[in-house]
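Here is query05.pdb, consisting of PDB, C-alpha atoms:
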MODEL        1
ATOM      1  CA  MET M   3     -36.757  36.292  48.298
ATOM      2  CA  ARG M   4     -38.235  36.401  51.802
ATOM      3  CA  ARG M   5     -35.482  34.083  53.041
ATOM      4  CA  LEU M   6     -32.848  36.428  51.610
ATOM      5  CA  TRP M   7     -34.325  39.450  53.424
ATOM      6  CA  ALA M   8     -34.810  37.420  56.596
ATOM      7  CA  GLY M   9     -31.106  36.549  56.495
ATOM      8  CA  LEU M  10     -30.030  40.125  55.799
ATOM      9  CA  LEU M  11     -32.129  41.829  58.488
ATOM     10  CA  PRO M  12     -29.922  40.770  61.438
ATOM     11  CA  LEU M  13     -26.852  41.908  59.493
ATOM     12  CA  LEU M  14     -28.454  45.269  58.692
ATOM     13  CA  GLY M  15     -29.401  45.652  62.342
ATOM     14  CA  CYS M  16     -25.731  45.323  63.261
ATOM     15  CA  LEU M  17     -24.541  47.769  60.606
ATOM     16  CA  LEU M  18     -27.086  50.567  61.083
ATOM     17  CA  PRO M  19     -25.638  51.813  64.402
ATOM     18  CA  LEU M  20     -22.294  52.265  62.624
ATOM     19  CA  ALA M  21     -23.833  54.502  59.970
ATOM     20  CA  GLY M  22     -24.813  57.260  62.419
ATOM     21  CA  CYS M  23     -24.281  60.943  61.761
ATOM     22  CA  GLY M  24     -20.800  61.477  60.316
ATOM     23  CA  GLY M  25     -19.954  57.815  59.733
ATOM     24  CA  VAL M  26     -17.495  55.565  61.498
ATOM     25  CA  GLY M  27     -14.640  57.183  63.404
ATOM     26  CA  ILE M  28     -15.285  60.738  62.264
ATOM     27  CA  ASP M  29     -16.679  62.382  65.379
ATOM     28  CA  GLN M  30     -14.399  62.766  68.394
ATOM     29  CA  ASN M  31     -16.077  62.046  71.684
ATOM     30  CA  GLU M  32     -15.197  61.222  75.229
ATOM     31  CA  ASP M  33     -14.835  57.544  74.240
ATOM     32  CA  SER M  34     -11.984  58.293  71.781
ATOM     33  CA  GLN M  35      -8.718  56.511  72.438
ATOM     34  CA  PRO M  36      -5.822  58.864  73.207
ATOM     35  CA  LEU M  37      -3.253  59.656  70.553
ATOM     36  CA  VAL M  38      -0.112  57.540  71.003
ATOM     37  CA  LEU M  39       3.452  58.399  70.000
ATOM     38  CA  LEU M  40       4.707  55.189  68.355
ATOM     39  CA  GLU M  41       8.238  56.279  67.522
ATOM     40  CA  LEU M  42      10.472  59.324  67.798
ATOM     41  CA  TYR M  43      13.711  59.912  65.901
ATOM     42  CA  PRO M  44      16.308  60.720  67.083
ATOM     43  CA  ARG M  45      15.667  58.329  69.968
ATOM     44  CA  GLN M  46      15.872  59.419  73.603
ATOM     45  CA  GLY M  47      19.524  59.947  74.570
ATOM     46  CA  GLU M  48      20.892  59.207  71.079
ATOM     47  CA  GLN M  49      24.466  60.420  70.523
ATOM     48  CA  ASN M  50      26.320  61.613  67.395
ATOM     49  CA  VAL M  51      23.157  62.680  65.590
ATOM     50  CA  PRO M  52      23.906  64.482  62.287
ATOM     51  CA  VAL M  53      23.647  68.278  62.494
ATOM     52  CA  ASP M  54      21.255  68.297  59.504
ATOM     53  CA  VAL M  55      18.771  65.997  61.260
ATOM     54  CA  GLN M  56      15.004  66.243  60.900
ATOM     55  CA  VAL M  57      13.035  65.071  63.919
ATOM     56  CA  LEU M  58      10.367  62.482  63.032
ATOM     57  CA  ALA M  59       7.405  61.664  65.272
ATOM     58  CA  VAL M  60       5.186  58.729  64.256
ATOM     59  CA  PHE M  61       1.707  58.732  65.798
ATOM     60  CA  SER M  62      -1.159  56.246  66.021
ATOM     61  CA  ASP M  63      -3.476  58.639  64.158
ATOM     62  CA  ALA M  64      -3.266  61.490  61.662
ATOM     63  CA  VAL M  65      -2.145  64.758  63.240
ATOM     64  CA  PHE M  66      -2.628  66.719  60.017
ATOM     65  CA  ALA M  67      -5.873  67.519  58.220
ATOM     66  CA  ALA M  68      -6.828  65.272  55.313
ATOM     67  CA  ASP M  69      -6.503  68.179  52.856
ATOM     68  CA  GLY M  70      -2.735  68.398  53.174
ATOM     69  CA  CYS M  71       0.441  68.685  55.160
ATOM     70  CA  GLN M  72       0.350  72.439  55.550
ATOM     71  CA  ALA M  73      -3.286  72.622  56.691
ATOM     72  CA  GLY M  74      -2.502  70.598  59.753
ATOM     73  CA  LEU M  75      -3.904  70.064  63.171
ATOM     74  CA  PRO M  76      -0.711  70.814  65.135
ATOM     75  CA  GLN M  77      -0.658  74.289  66.644
ATOM     76  CA  ALA M  78       2.436  76.432  67.162
ATOM     77  CA  GLY M  79       4.100  75.080  70.270
ATOM     78  CA  ASP M  80       2.815  71.495  69.891
ATOM     79  CA  PHE M  81       6.310  70.518  68.699
ATOM     80  CA  THR M  82       9.404  72.370  69.851
ATOM     81  CA  LEU M  83      13.122  71.857  69.430
ATOM     82  CA  GLN M  84      15.489  73.600  71.807
ATOM     83  CA  LEU M  85      19.216  73.821  72.324
ATOM     84  CA  CYS M  86      19.387  72.753  75.958
ATOM     85  CA  PRO M  87      22.958  72.721  77.275
ATOM     86  CA  GLN M  88      23.275  71.214  80.750
ATOM     87  CA  GLY M  89      23.016  73.815  83.490
ATOM     88  CA  GLN M  90      22.010  76.634  81.133
ATOM     89  CA  ALA M  91      18.751  78.082  79.899
ATOM     90  CA  ALA M  92      17.297  76.424  76.807
ATOM     91  CA  SER M  93      16.880  78.394  73.602
ATOM     92  CA  ASN M  94      14.395  77.656  70.833
ATOM     93  CA  VAL M  95      15.583  76.457  67.447
ATOM     94  CA  ALA M  96      13.661  77.867  64.470
ATOM     95  CA  ALA M  97      11.995  74.925  62.756
ATOM     96  CA  GLY M  98       8.961  74.144  60.638
ATOM     97  CA  VAL M  99       6.513  71.277  61.159
ATOM     98  CA  THR M 100       5.014  69.359  58.264
ATOM     99  CA  CYS M 101       3.856  65.825  57.515
ATOM    100  CA  TYR M 102       6.142  63.223  55.979
ATOM    101  CA  GLN M 103       6.185  63.206  52.177
ATOM    102  CA  ARG M 104       8.296  60.739  50.196
ATOM    103  CA  ARG M 105      10.354  62.423  47.454
ATOM    104  CA  ASP M 106      11.660  61.060  44.155
ATOM    105  CA  GLU M 107      15.241  61.413  42.888
ATOM    106  CA  ASN M 108      14.412  64.943  41.624
ATOM    107  CA  GLY M 109      13.092  66.077  44.995
ATOM    108  CA  GLN M 110       9.456  66.054  43.847
ATOM    109  CA  PRO M 111       6.692  64.658  46.081
ATOM    110  CA  SER M 112       5.983  61.012  45.336
ATOM    111  CA  GLY M 113       2.934  59.140  46.630
ATOM    112  CA  ASP M 114       0.501  60.186  49.306
ATOM    113  CA  PRO M 115       1.708  62.171  52.329
ATOM    114  CA  ARG M 116       1.789  60.386  55.697
ATOM    115  CA  LEU M 117      -0.531  62.453  57.889
ATOM    116  CA  ASP M 118       0.439  60.395  60.963
ATOM    117  CA  ILE M 119       4.133  61.354  60.770
ATOM    118  CA  ALA M 120       5.219  64.836  61.841
ATOM    119  CA  VAL M 121       8.569  66.167  60.617
ATOM    120  CA  LEU M 122      10.225  68.924  62.627
ATOM    121  CA  ALA M 123      12.799  70.436  60.262
ATOM    122  CA  PRO M 124      15.270  72.995  61.654
ATOM    123  CA  ASN M 125      15.768  76.037  59.420
ATOM    124  CA  GLU M 126      19.562  75.827  59.877
ATOM    125  CA  PRO M 127      21.967  72.982  60.682
ATOM    126  CA  LEU M 128      22.206  72.299  64.414
ATOM    127  CA  GLN M 129      25.339  73.095  66.402
ATOM    128  CA  PRO M 130      27.830  70.229  66.575
ATOM    129  CA  GLN M 131      28.387  68.389  69.862
ATOM    130  CA  SER M 132      25.352  69.999  71.449
ATOM    131  CA  ARG M 133      22.425  68.677  73.466
ATOM    132  CA  TYR M 134      18.915  69.252  72.074
ATOM    133  CA  CYS M 135      15.490  68.782  73.633
ATOM    134  CA  VAL M 136      12.352  67.818  71.711
ATOM    135  CA  SER M 137       8.963  68.521  73.297
ATOM    136  CA  ILE M 138       5.526  67.378  72.166
ATOM    137  CA  ALA M 139       2.580  68.967  73.975
ATOM    138  CA  GLY M 140       0.198  66.653  75.810
ATOM    139  CA  THR M 141      -2.699  68.602  74.302
ATOM    140  CA  LEU M 142      -1.893  67.370  70.777
ATOM    141  CA  ALA M 143      -4.827  65.299  69.476
ATOM    142  CA  GLY M 144      -5.233  63.230  66.348
ATOM    143  CA  ALA M 145      -7.906  63.567  63.694
ATOM    144  CA  ASN M 146      -9.878  60.693  65.254
ATOM    145  CA  SER M 147      -8.352  60.434  68.703
ATOM    146  CA  ALA M 148      -8.203  62.270  71.997
ATOM    147  CA  ALA M 149      -5.145  64.234  73.195
ATOM    148  CA  LEU M 150      -1.861  62.545  74.142
ATOM    149  CA  GLY M 151      -2.637  63.439  77.746
ATOM    150  CA  ALA M 152       0.945  63.938  78.913
ATOM    151  CA  SER M 153       3.715  65.967  77.327
ATOM    152  CA  ILE M 154       6.617  64.047  75.832
ATOM    153  CA  GLU M 155      10.203  65.189  76.343
ATOM    154  CA  SER M 156      13.253  63.677  74.675
ATOM    155  CA  THR M 157      16.900  64.674  74.284
ATOM    156  CA  PHE M 158      19.664  63.886  71.815
ATOM    157  CA  THR M 159      23.210  65.074  71.203
ATOM    158  CA  THR M 160      24.684  66.043  67.848
ATOM    159  CA  GLY M 161      28.027  64.777  66.619
ATOM    160  CA  GLN M 162      30.817  66.592  64.766
TER     161      GLN M 162
ENDMDL
END

Step by step, read the file and then write its structure as structure tokens.
Amino acid sequence: MRRLWAGLLPLLGCLLPLAGCGGVGIDQNEDSQPLVLLELYPRQGEQNVPVDVQVLAVFSDAVFAADGCQAGLPQAGDFTLQLCPQGQAASNVAAGVTCYQRRDENGQPSGDPRLDIAVLAPNEPLQPQSRYCVSIAGTLAGANSAALGASIESTFTTGQ
């Protein structure tokens, strides 16, 4: 029995620092890695995007609270969609932000929501053959990560 404990003590010594207050990866601190945007759809400069598009942003960490898509971390203004015709002032497009949730053939939620994917859904179809700008604030942080650090800007153009 002593040999068993003697063999486990070094292992326990390695694990105890990980079991600090709050557990592993719960507390944000200055050592947190910044949030990273992994993918954005529509892609930068994409043409002929459908007018009923929903903008998807995939991040390296959850940007919504664990208790659901509506009780999220993003603040108003973290994600914006604007009609931005060249040489004219941009105008905001009314849109809601939620996490990605797979739906079954009846439109009902199916499976767990993806808290690392933000969906920016315009309230109305977009104007055809128009240029749109997507902005993500550099202050957006993940549940276990620091802020993006720099704002992200992307444009796309709708088709017919």

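Look at everything within 8 Å of (1.0, 62.6, 60.8) using all atoms listed in the file, and the residues you get are Ala59, Val60, Phe61, Asp63, Ala64, Val65, Phe66, Cys101, Tyr102, Arg116, Leu117, Asp118, Ile119 and Ala120 of chain M.
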
Selection near M:Asn50, 10 Å with only C-alpha atoms, sequence-local residues under 4 positions removed, as an MDAnalysis selection string = chainID M and resid 130:132 158:162

Nearest-residue call for M:Gly47, choices M:Ala143, M:Leu128, M:Ala148, M:Cys135, using all atoms listed in the file | M:Cys135

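Counting from atom CA of M:Ile138, the distance to atom CA of M:Asp106 is 29.4 Å.
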
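Proximity to M:Val136 was assessed for M:Leu37, M:Ile154, M:Ala67, M:Leu83 counting only C-alpha atoms; the smallest distance is recorded for M:Leu83.
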
One-decimal distance in Å that lies between atom CA of M:Glu126 and atom CA of M:Ala92 = 17.1 Å

Selection near M:Gly113, 7 Å with all atoms listed in the file, sequence-local residues under 2 positions removed, as a PyMOL selection string = chain M and resi 104+111+115

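For the residues M:Gln56, M:Thr100, M:Ser62, M:Ser137, ranking by smallest atom-to-atom distance to M:Pro44 using all atoms listed in the file places M:Gln56 first.
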
Distance of atom CA of M:Arg133 from atom CA of M:Thr157, expressed in Å to one decimal place | 6.9 Å

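When all atoms listed in the file are used to measure the gap to M:Gln88, the shortest distance among M:Pro127, M:Ser34, M:Tyr134, M:Leu39 belongs to M:Tyr134.
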
Using only C-alpha atoms: which of M:Gln77, M:Gln129, M:Gln110, M:Gln35 has the shortest distance to M:Pro52 | M:Gln129

Target residues per the PyMOL selection byres ((chain M and resi 94) around 8), formatted as a PyMOL selection string | chain M and resi 82-85+92-93+95-96

Written file, previous selection with C-alpha atoms, as a PDB file, keeping the file's coordinate frame:
ATOM      1  CA  THR M  82       9.404  72.370  69.851  1.00  0.00           C
ATOM      2  CA  LEU M  83      13.122  71.857  69.430  1.00  0.00           C
ATOM      3  CA  GLN M  84      15.489  73.600  71.807  1.00  0.00           C
ATOM      4  CA  LEU M  85      19.216  73.821  72.324  1.00  0.00           C
ATOM      5  CA  ALA M  92      17.297  76.424  76.807  1.00  0.00           C
ATOM      6  CA  SER M  93      16.880  78.394  73.602  1.00  0.00           C
ATOM      7  CA  VAL M  95      15.583  76.457  67.447  1.00  0.00           C
ATOM      8  CA  ALA M  96      13.661  77.867  64.470  1.00  0.00           C
TER       9      ALA M  96
END

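Within 9 Å of M:Leu150, once only C-alpha atoms are used and residues closer than 5 positions along the same chain are dropped, the contacting residues are Pro36, Leu37, Val38, Leu39, Ala139, Gly140, Thr141, Leu142, Ala143 and Gly144 of chain M.
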
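Distance annotation: of M:Leu122, M:Val99, M:Ala91, M:Leu58, the residue with the minimal separation from M:Pro76 is M:Val99; atom set is only C-alpha atoms.
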
Residues matched by the PyMOL selection byres ((chain M and resi 123) around 8), written as a count of residues only = 10
